[in-house]
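Below: start.txt (compact mmCIF, C-alpha atoms and all ligand atoms)
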# COMPACT_ATOMS: atom_id res chain seq x y z
CA MET T 1 17.84 -40.00 -5.94
CA ILE T 2 14.86 -38.98 -7.94
CA PHE T 3 15.81 -35.99 -10.01
CA GLY T 4 19.50 -36.25 -10.80
CA ARG T 5 21.29 -38.91 -12.70
CA THR T 6 21.98 -42.06 -10.82
CA GLU T 7 25.54 -42.15 -9.56
CA ARG T 8 26.83 -44.93 -11.73
CA GLY T 9 29.54 -43.18 -13.65
CA GLY T 10 30.10 -43.61 -17.36
CA PRO T 11 27.72 -44.52 -20.13
CA PRO T 12 25.37 -46.11 -20.82
CA VAL T 13 23.20 -43.83 -18.73
CA GLU T 14 20.64 -45.61 -16.68
CA PRO T 15 17.56 -43.44 -17.13
CA VAL T 16 15.66 -42.08 -14.19
CA THR T 17 12.10 -43.33 -14.40
CA LEU T 18 9.27 -41.28 -13.00
CA LYS T 19 5.65 -42.13 -12.54
CA ILE T 20 3.05 -39.59 -13.59
CA LEU T 21 -0.67 -39.95 -13.14
CA VAL T 22 -3.18 -38.71 -15.68
CA ALA T 23 -6.48 -37.93 -14.01
CA GLY T 24 -9.61 -35.94 -14.73
CA GLY T 25 -13.29 -36.42 -15.25
CA PHE T 26 -15.10 -39.01 -17.29
CA GLY T 27 -14.30 -38.48 -20.97
CA ALA T 28 -11.83 -35.64 -20.41
CA GLY T 29 -9.35 -37.26 -22.81
CA LYS T 30 -7.03 -39.25 -20.52
CA THR T 31 -6.82 -42.33 -22.73
CA THR T 32 -6.33 -40.08 -25.75
CA LEU T 33 -3.48 -38.23 -24.02
CA VAL T 34 -1.59 -41.38 -23.05
CA GLY T 35 -2.05 -42.79 -26.55
CA ALA T 36 -0.81 -39.56 -28.17
CA VAL T 37 2.62 -39.66 -26.55
CA SER T 38 3.35 -43.26 -25.65
CA GLU T 39 6.30 -44.93 -27.37
CA ILE T 40 4.97 -48.31 -26.51
CA LYS T 41 1.59 -49.51 -27.61
CA PRO T 42 -0.43 -48.14 -24.72
CA LEU T 43 -2.08 -50.70 -22.53
CA ARG T 44 -5.74 -49.88 -22.37
CA THR T 45 -8.45 -51.39 -20.32
CA GLU T 46 -11.41 -49.95 -22.10
CA GLU T 47 -14.82 -51.48 -22.25
CA LEU T 48 -17.90 -50.57 -24.18
CA LEU T 49 -20.22 -48.26 -22.37
CA THR T 50 -23.18 -50.50 -21.93
CA GLU T 51 -26.80 -50.38 -21.10
CA ALA T 52 -25.85 -51.77 -17.68
CA GLY T 53 -23.57 -48.82 -16.95
CA ARG T 54 -26.11 -46.27 -18.08
CA PRO T 55 -27.50 -45.33 -14.68
CA VAL T 56 -24.03 -44.59 -13.29
CA ASP T 57 -22.07 -43.36 -16.31
CA ASP T 58 -23.02 -39.80 -17.10
CA THR T 59 -22.44 -39.46 -20.84
CA SER T 60 -24.16 -36.12 -21.27
CA GLY T 61 -21.73 -33.91 -23.14
CA VAL T 62 -19.76 -36.88 -24.45
CA GLU T 63 -22.43 -38.45 -26.62
CA GLY T 64 -19.88 -39.59 -29.20
CA LYS T 65 -18.18 -41.75 -26.61
CA HIS T 66 -18.60 -45.50 -26.74
CA THR T 67 -15.86 -46.86 -24.51
CA THR T 68 -14.56 -46.07 -21.06
CA THR T 69 -11.45 -46.97 -19.08
CA VAL T 70 -12.15 -49.54 -16.39
CA ALA T 71 -8.77 -50.00 -14.72
CA MET T 72 -6.07 -47.78 -16.17
CA ASP T 73 -4.14 -46.63 -19.20
CA PHE T 74 -0.44 -47.23 -19.25
CA GLY T 75 2.18 -45.67 -21.50
CA ARG T 76 5.82 -44.61 -21.59
CA ILE T 77 7.62 -41.57 -22.96
CA THR T 78 11.34 -40.75 -23.01
CA LEU T 79 11.67 -37.02 -22.37
CA ARG T 80 15.47 -37.12 -22.49
CA GLU T 81 17.84 -40.03 -22.80
CA ASP T 82 18.15 -40.03 -19.03
CA LEU T 83 14.54 -39.31 -18.15
CA VAL T 84 11.67 -41.68 -18.81
CA LEU T 85 8.10 -41.11 -17.73
CA TYR T 86 5.63 -43.86 -17.08
CA LEU T 87 2.10 -42.62 -17.50
CA PHE T 88 -0.79 -44.07 -15.59
CA GLY T 89 -4.21 -42.91 -16.70
CA THR T 90 -6.82 -43.27 -14.03
CA PRO T 91 -10.37 -44.38 -14.74
CA GLY T 92 -12.68 -41.39 -14.99
CA GLN T 93 -15.76 -42.75 -13.36
CA ASP T 94 -16.63 -42.46 -9.70
CA ARG T 95 -17.18 -46.16 -9.29
CA PHE T 96 -13.44 -46.82 -9.80
CA TRP T 97 -12.17 -44.57 -7.01
CA PHE T 98 -10.92 -47.58 -5.07
CA LEU T 99 -8.13 -47.99 -7.66
CA TRP T 100 -6.69 -44.53 -7.19
CA ASP T 101 -4.67 -45.09 -4.03
CA GLU T 102 -2.94 -48.01 -5.67
CA LEU T 103 -2.14 -45.97 -8.77
CA ALA T 104 -1.02 -42.93 -6.76
CA THR T 105 1.63 -44.83 -4.81
CA GLY T 106 5.06 -43.56 -5.78
CA ALA T 107 3.77 -40.97 -8.22
CA LEU T 108 5.98 -37.92 -8.73
CA GLY T 109 3.13 -35.78 -9.93
CA ALA T 110 -0.04 -35.68 -11.94
CA VAL T 111 -1.91 -34.09 -14.80
CA VAL T 112 -5.53 -33.25 -14.16
CA LEU T 113 -7.22 -33.01 -17.53
CA ALA T 114 -10.11 -30.60 -17.59
CA ASP T 115 -12.86 -30.30 -20.16
CA THR T 116 -14.24 -26.78 -19.78
CA ARG T 117 -17.68 -27.94 -20.87
CA ARG T 118 -17.80 -30.11 -17.75
CA LEU T 119 -15.28 -28.47 -15.49
CA GLU T 120 -16.88 -29.75 -12.31
CA ASP T 121 -15.95 -33.29 -13.35
CA CYS T 122 -12.35 -32.70 -12.38
CA PHE T 123 -13.04 -31.21 -8.93
CA ALA T 124 -12.65 -34.63 -7.33
CA ALA T 125 -9.25 -35.20 -8.94
CA VAL T 126 -8.00 -31.75 -7.89
CA ASP T 127 -9.22 -32.44 -4.38
CA TYR T 128 -7.54 -35.83 -4.30
CA PHE T 129 -4.08 -34.49 -5.19
CA GLU T 130 -4.36 -31.43 -2.95
CA ARG T 131 -5.17 -33.60 0.05
CA ARG T 132 -2.22 -35.88 -0.55
CA ALA T 133 0.14 -33.05 -1.44
CA ILE T 134 0.89 -34.67 -4.81
CA PRO T 135 2.01 -31.89 -7.17
CA PHE T 136 -0.24 -31.55 -10.19
CA VAL T 137 -0.72 -29.46 -13.29
CA VAL T 138 -4.15 -28.73 -14.77
CA GLY T 139 -4.28 -29.39 -18.51
CA VAL T 140 -7.24 -27.72 -20.15
CA ASN T 141 -8.10 -30.03 -23.04
CA CYS T 142 -9.25 -27.76 -25.84
CA PHE T 143 -11.99 -29.78 -27.50
CA ASP T 144 -13.21 -28.46 -30.82
CA GLY T 145 -16.32 -26.40 -30.39
CA ALA T 146 -15.78 -25.85 -26.68
CA ALA T 147 -15.58 -22.23 -25.64
CA ARG T 148 -12.00 -21.20 -24.95
CA HIS T 149 -11.67 -20.01 -21.41
CA PRO T 150 -8.78 -17.93 -20.27
CA VAL T 151 -6.45 -19.87 -18.05
CA GLU T 152 -7.17 -17.50 -15.17
CA ASP T 153 -10.91 -18.26 -15.34
CA VAL T 154 -10.18 -21.96 -15.04
CA ARG T 155 -7.86 -21.31 -12.12
CA ARG T 156 -10.52 -19.33 -10.33
CA ALA T 157 -13.29 -21.83 -11.06
CA LEU T 158 -11.17 -24.65 -9.66
CA ASP T 159 -10.01 -22.50 -6.74
CA LEU T 160 -6.40 -23.47 -7.42
CA ASP T 161 -3.39 -22.37 -5.47
CA SER T 162 -1.46 -19.73 -7.42
CA ALA T 163 1.51 -22.09 -7.69
CA VAL T 164 -0.45 -24.72 -9.63
CA PRO T 165 0.28 -24.41 -13.37
CA VAL T 166 -2.71 -24.33 -15.73
CA VAL T 167 -1.89 -25.06 -19.35
CA LEU T 168 -4.01 -25.28 -22.47
CA CYS T 169 -3.46 -28.48 -24.43
CA ASP T 170 -4.76 -30.80 -27.09
CA ALA T 171 -4.78 -34.36 -25.78
CA ARG T 172 -4.51 -35.69 -29.33
CA ALA T 173 -1.30 -33.81 -30.15
CA ARG T 174 2.00 -35.33 -29.13
CA ASP T 175 3.92 -32.06 -28.80
CA SER T 176 1.17 -30.43 -26.82
CA VAL T 177 1.00 -33.35 -24.41
CA LYS T 178 4.77 -33.41 -24.11
CA ASP T 179 4.74 -29.77 -23.02
CA VAL T 180 2.21 -30.59 -20.32
CA LEU T 181 4.36 -33.47 -19.06
CA ILE T 182 7.48 -31.31 -18.97
CA GLU T 183 5.49 -28.82 -16.91
CA VAL T 184 4.51 -31.57 -14.46
CA VAL T 185 8.15 -32.58 -13.98
CA ARG T 186 9.22 -28.96 -13.56
CA HIS T 187 6.44 -28.23 -11.10
CA ALA T 188 7.13 -31.38 -9.09
CA MET T 189 10.82 -30.48 -8.85
CA ALA T 190 10.00 -26.98 -7.65
CA HIS T 191 7.58 -28.48 -5.14
CA ALA T 192 10.23 -30.91 -3.87
CA ALA T 193 12.83 -28.15 -3.58
CA GLU T 194 10.40 -26.06 -1.59
CA ARG T 195 9.63 -28.91 0.78
CA ARG T 196 13.32 -29.56 1.32
CA HIS T 197 13.79 -25.91 2.05
CA THR T 198 10.95 -25.95 4.58
CA VAL T 199 12.24 -29.07 6.32
CA THR T 200 15.84 -27.92 6.61
CA GLY T 201 14.74 -24.41 7.57
N1 LIG U 1 -12.02 -32.84 -30.33
C1 LIG U 1 -11.33 -33.44 -29.39
N2 LIG U 1 -11.74 -34.64 -29.01
C2 LIG U 1 -11.03 -35.27 -28.05
C3 LIG U 1 -9.90 -34.69 -27.44
N3 LIG U 1 -9.44 -35.53 -26.48
C4 LIG U 1 -10.27 -36.59 -26.51
N4 LIG U 1 -11.21 -36.46 -27.46
C5 LIG U 1 -12.28 -37.39 -27.75
O1 LIG U 1 -13.09 -37.45 -26.59
C6 LIG U 1 -13.52 -38.75 -26.31
C7 LIG U 1 -13.12 -39.18 -24.91
O2 LIG U 1 -11.73 -39.33 -24.83
P1 LIG U 1 -11.04 -40.45 -23.91
O3 LIG U 1 -9.57 -40.29 -24.15
O4 LIG U 1 -11.65 -41.77 -24.08
O5 LIG U 1 -11.41 -39.92 -22.47
P2 LIG U 1 -11.05 -40.58 -21.06
O6 LIG U 1 -10.77 -39.43 -20.17
O7 LIG U 1 -10.03 -41.62 -21.19
O8 LIG U 1 -12.44 -41.24 -20.66
P3 LIG U 1 -12.76 -42.31 -19.48
O9 LIG U 1 -11.68 -43.31 -19.49
O10 LIG U 1 -14.08 -42.90 -19.88
O11 LIG U 1 -12.88 -41.50 -18.26
C8 LIG U 1 -12.93 -39.63 -27.42
O12 LIG U 1 -13.93 -39.84 -28.38
C9 LIG U 1 -11.79 -38.79 -27.98
O13 LIG U 1 -11.55 -39.04 -29.34
C10 LIG U 1 -9.48 -33.39 -27.88
O14 LIG U 1 -8.51 -32.82 -27.43
N5 LIG U 1 -10.25 -32.82 -28.86
MG MG U 2 -10.08 -43.52 -20.63
For the file at hand, write its structure as structure tokens.
Ligand SMILES: Nc1nc2c(ncn2[C@@H]2O[C@H](COP(=O)(O)OP(=O)(O)OP(=O)(O)O)[C@@H](O)[C@H]2O)c(=O)[nH]1
Ligand SMILES: [Mg+2]
Amino acid sequence: MIFGRTERGGPPVEPVTLKILVAGGFGAGKTTLVGAVSEIKPLRTEELLTEAGRPVDDTSGVEGKHTTTVAMDFGRITLREDLVLYLFGTPGQDRFWFLWDELATGALGAVVLADTRRLEDCFAAVDYFERRAIPFVVGVNCFDGAARHPVEDVRRALDLDSAVPVVLCDARARDSVKDVLIEVVRHAMAHAAERRHTVTG
């Protein structure tokens, strides 16, 4: 049983734990997002961007960036006393794609973080979740100084299905990130209900 309470009867309530992926292009703010909401000290696997990575790591547009995630970010947030999310931030660079299938196993849904200055960087993540029918929400990370694009422009540019929620957010702000995560859970539940409906006729 994924969405309801577990049938145990009586307190204390055993919380339902759900796994959510946080994906998006290189430097879109994934590590920042996990760090902004996590109740536990987020596990990070960041390394300095080095001279050696220069030919493969495209830092144009993120010149202030000195570290990058090499395996994953991990954090936890309690949305309600009976609902706990485990957040898995994926590495943003192409050379870590081989880790994604492992991270995606058992995921309820995902956030694709988009930086409108480099929107094309999240195409691959959108593609990945569409192919595997993993429900996702696009979070437009509103960096300072980046032009604000209407949500509908982002939807069109990413060629998203009309059912996919697009929300503006600030990856540094706990409440903003929480809203995005609630949207992921809501969207995934709607998606699951729809599938059930289709299967049972
Ligand atoms: N102004 C602003 N800066 C942000 C925001 N989110 C992230 N940053 C900054 O952008 C840079 C990149 O953020 P990260 O969280 O490391 O991005 P990432 O997606 O984890 O990057 P990779 O792991 O390398 O793919 C950092 O210097 C952050 O401080 C935001 O919402 N606004
Ligand atoms: Mg990172």
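Using only C-alpha atoms and all ligand atoms, the shortest contact distance between ligand LIG 1 (chain U) and any of T:Ala173, T:Val126, T:Val151, T:Val167 is found at T:Ala173.
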Please put the answer as AutoDock Vina command-line options: centre and edge lengths, in Å with one decimal, of a box along x, y and z that encloses all listed atoms of ligand LIG 1 (chain U) plus 4 Å on each side.
--center_x -11.3 --center_y -38.1 --center_z -24.3 --size_x 13.6 --size_y 18.5 --size_z 20.1
Atom CA of Gly75 of chain T to atom CA of Asp121 of chain T measures 23.4 Å
| field | Shell of 9 Å around ligand MG 2 (chain U) (all atoms listed in the file), written as an NGL selection string | value | :T and (26-32 or 44-46 or 67-73 or 89-92)
What separates atom CA of Val166 of chain T and atom CA of Phe136 of chain T is a distance of 9.4 Å
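With all atoms listed in the file as the atoms that count, the minimum distance from Cys122 of chain T to the choices T:Ala147, T:Ala190, T:Val138, T:Val184 is reached by T:Val138.
Across T:Ser162, T:Ser176, T:Thr116, T:Gln93, the tightest approach to ligand LIG 1 (chain U) is made by T:Gln93 when counting all atoms listed in the file.
Reported to one decimal place, the separation of atom C4 of ligand LIG 1 (chain U) from atom CA of Asp94 of chain T is 18.9 Å.
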Just the residues within 12 Å of Val164 of chain T, please, counting only C-alpha atoms, with nothing from its chain fewer than 2 positions along; format it as a compact mmCIF listing (two decimals) with C-alpha atoms, in the coordinates of the input.
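And here's selection29.txt as it stands now:
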# COMPACT_ATOMS: atom_id res chain seq x y z
CA GLY T 109 3.13 -35.78 -9.93
CA ALA T 110 -0.04 -35.68 -11.94
CA VAL T 111 -1.91 -34.09 -14.80
CA VAL T 112 -5.53 -33.25 -14.16
CA VAL T 126 -8.00 -31.75 -7.89
CA PHE T 129 -4.08 -34.49 -5.19
CA GLU T 130 -4.36 -31.43 -2.95
CA ALA T 133 0.14 -33.05 -1.44
CA ILE T 134 0.89 -34.67 -4.81
CA PRO T 135 2.01 -31.89 -7.17
CA PHE T 136 -0.24 -31.55 -10.19
CA VAL T 137 -0.72 -29.46 -13.29
CA VAL T 138 -4.15 -28.73 -14.77
CA GLY T 139 -4.28 -29.39 -18.51
CA VAL T 151 -6.45 -19.87 -18.05
CA GLU T 152 -7.17 -17.50 -15.17
CA VAL T 154 -10.18 -21.96 -15.04
CA ARG T 155 -7.86 -21.31 -12.12
CA ARG T 156 -10.52 -19.33 -10.33
CA LEU T 158 -11.17 -24.65 -9.66
CA ASP T 159 -10.01 -22.50 -6.74
CA LEU T 160 -6.40 -23.47 -7.42
CA ASP T 161 -3.39 -22.37 -5.47
CA SER T 162 -1.46 -19.73 -7.42
CA VAL T 166 -2.71 -24.33 -15.73
CA VAL T 167 -1.89 -25.06 -19.35
CA GLU T 183 5.49 -28.82 -16.91
CA VAL T 184 4.51 -31.57 -14.46
CA ARG T 186 9.22 -28.96 -13.56
CA HIS T 187 6.44 -28.23 -11.10
CA ALA T 188 7.13 -31.38 -9.09
CA ALA T 190 10.00 -26.98 -7.65
CA HIS T 191 7.58 -28.48 -5.14
If you count only C-alpha atoms, the residue of T:Arg172, T:Arg117, T:Arg132, T:Lys178 closest to Val62 of chain T turns out to be T:Arg117
Non-local contacts of Thr78 of chain T (9 Å; only C-alpha atoms; under 4 positions in same chain excluded) as a VMD selection string = chain T and resid 15 38 to 39 82 to 86
Nearest to Ala107 of chain T, restricted to all atoms listed in the file and choosing among T:Leu87, T:Ala125, T:Leu43, T:Ala193, comes out as T:Leu87
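Closest approach to Phe143 of chain T among T:Ala23, T:Ala114, T:Ala157, T:Val199: T:Ala114, based on only C-alpha atoms.
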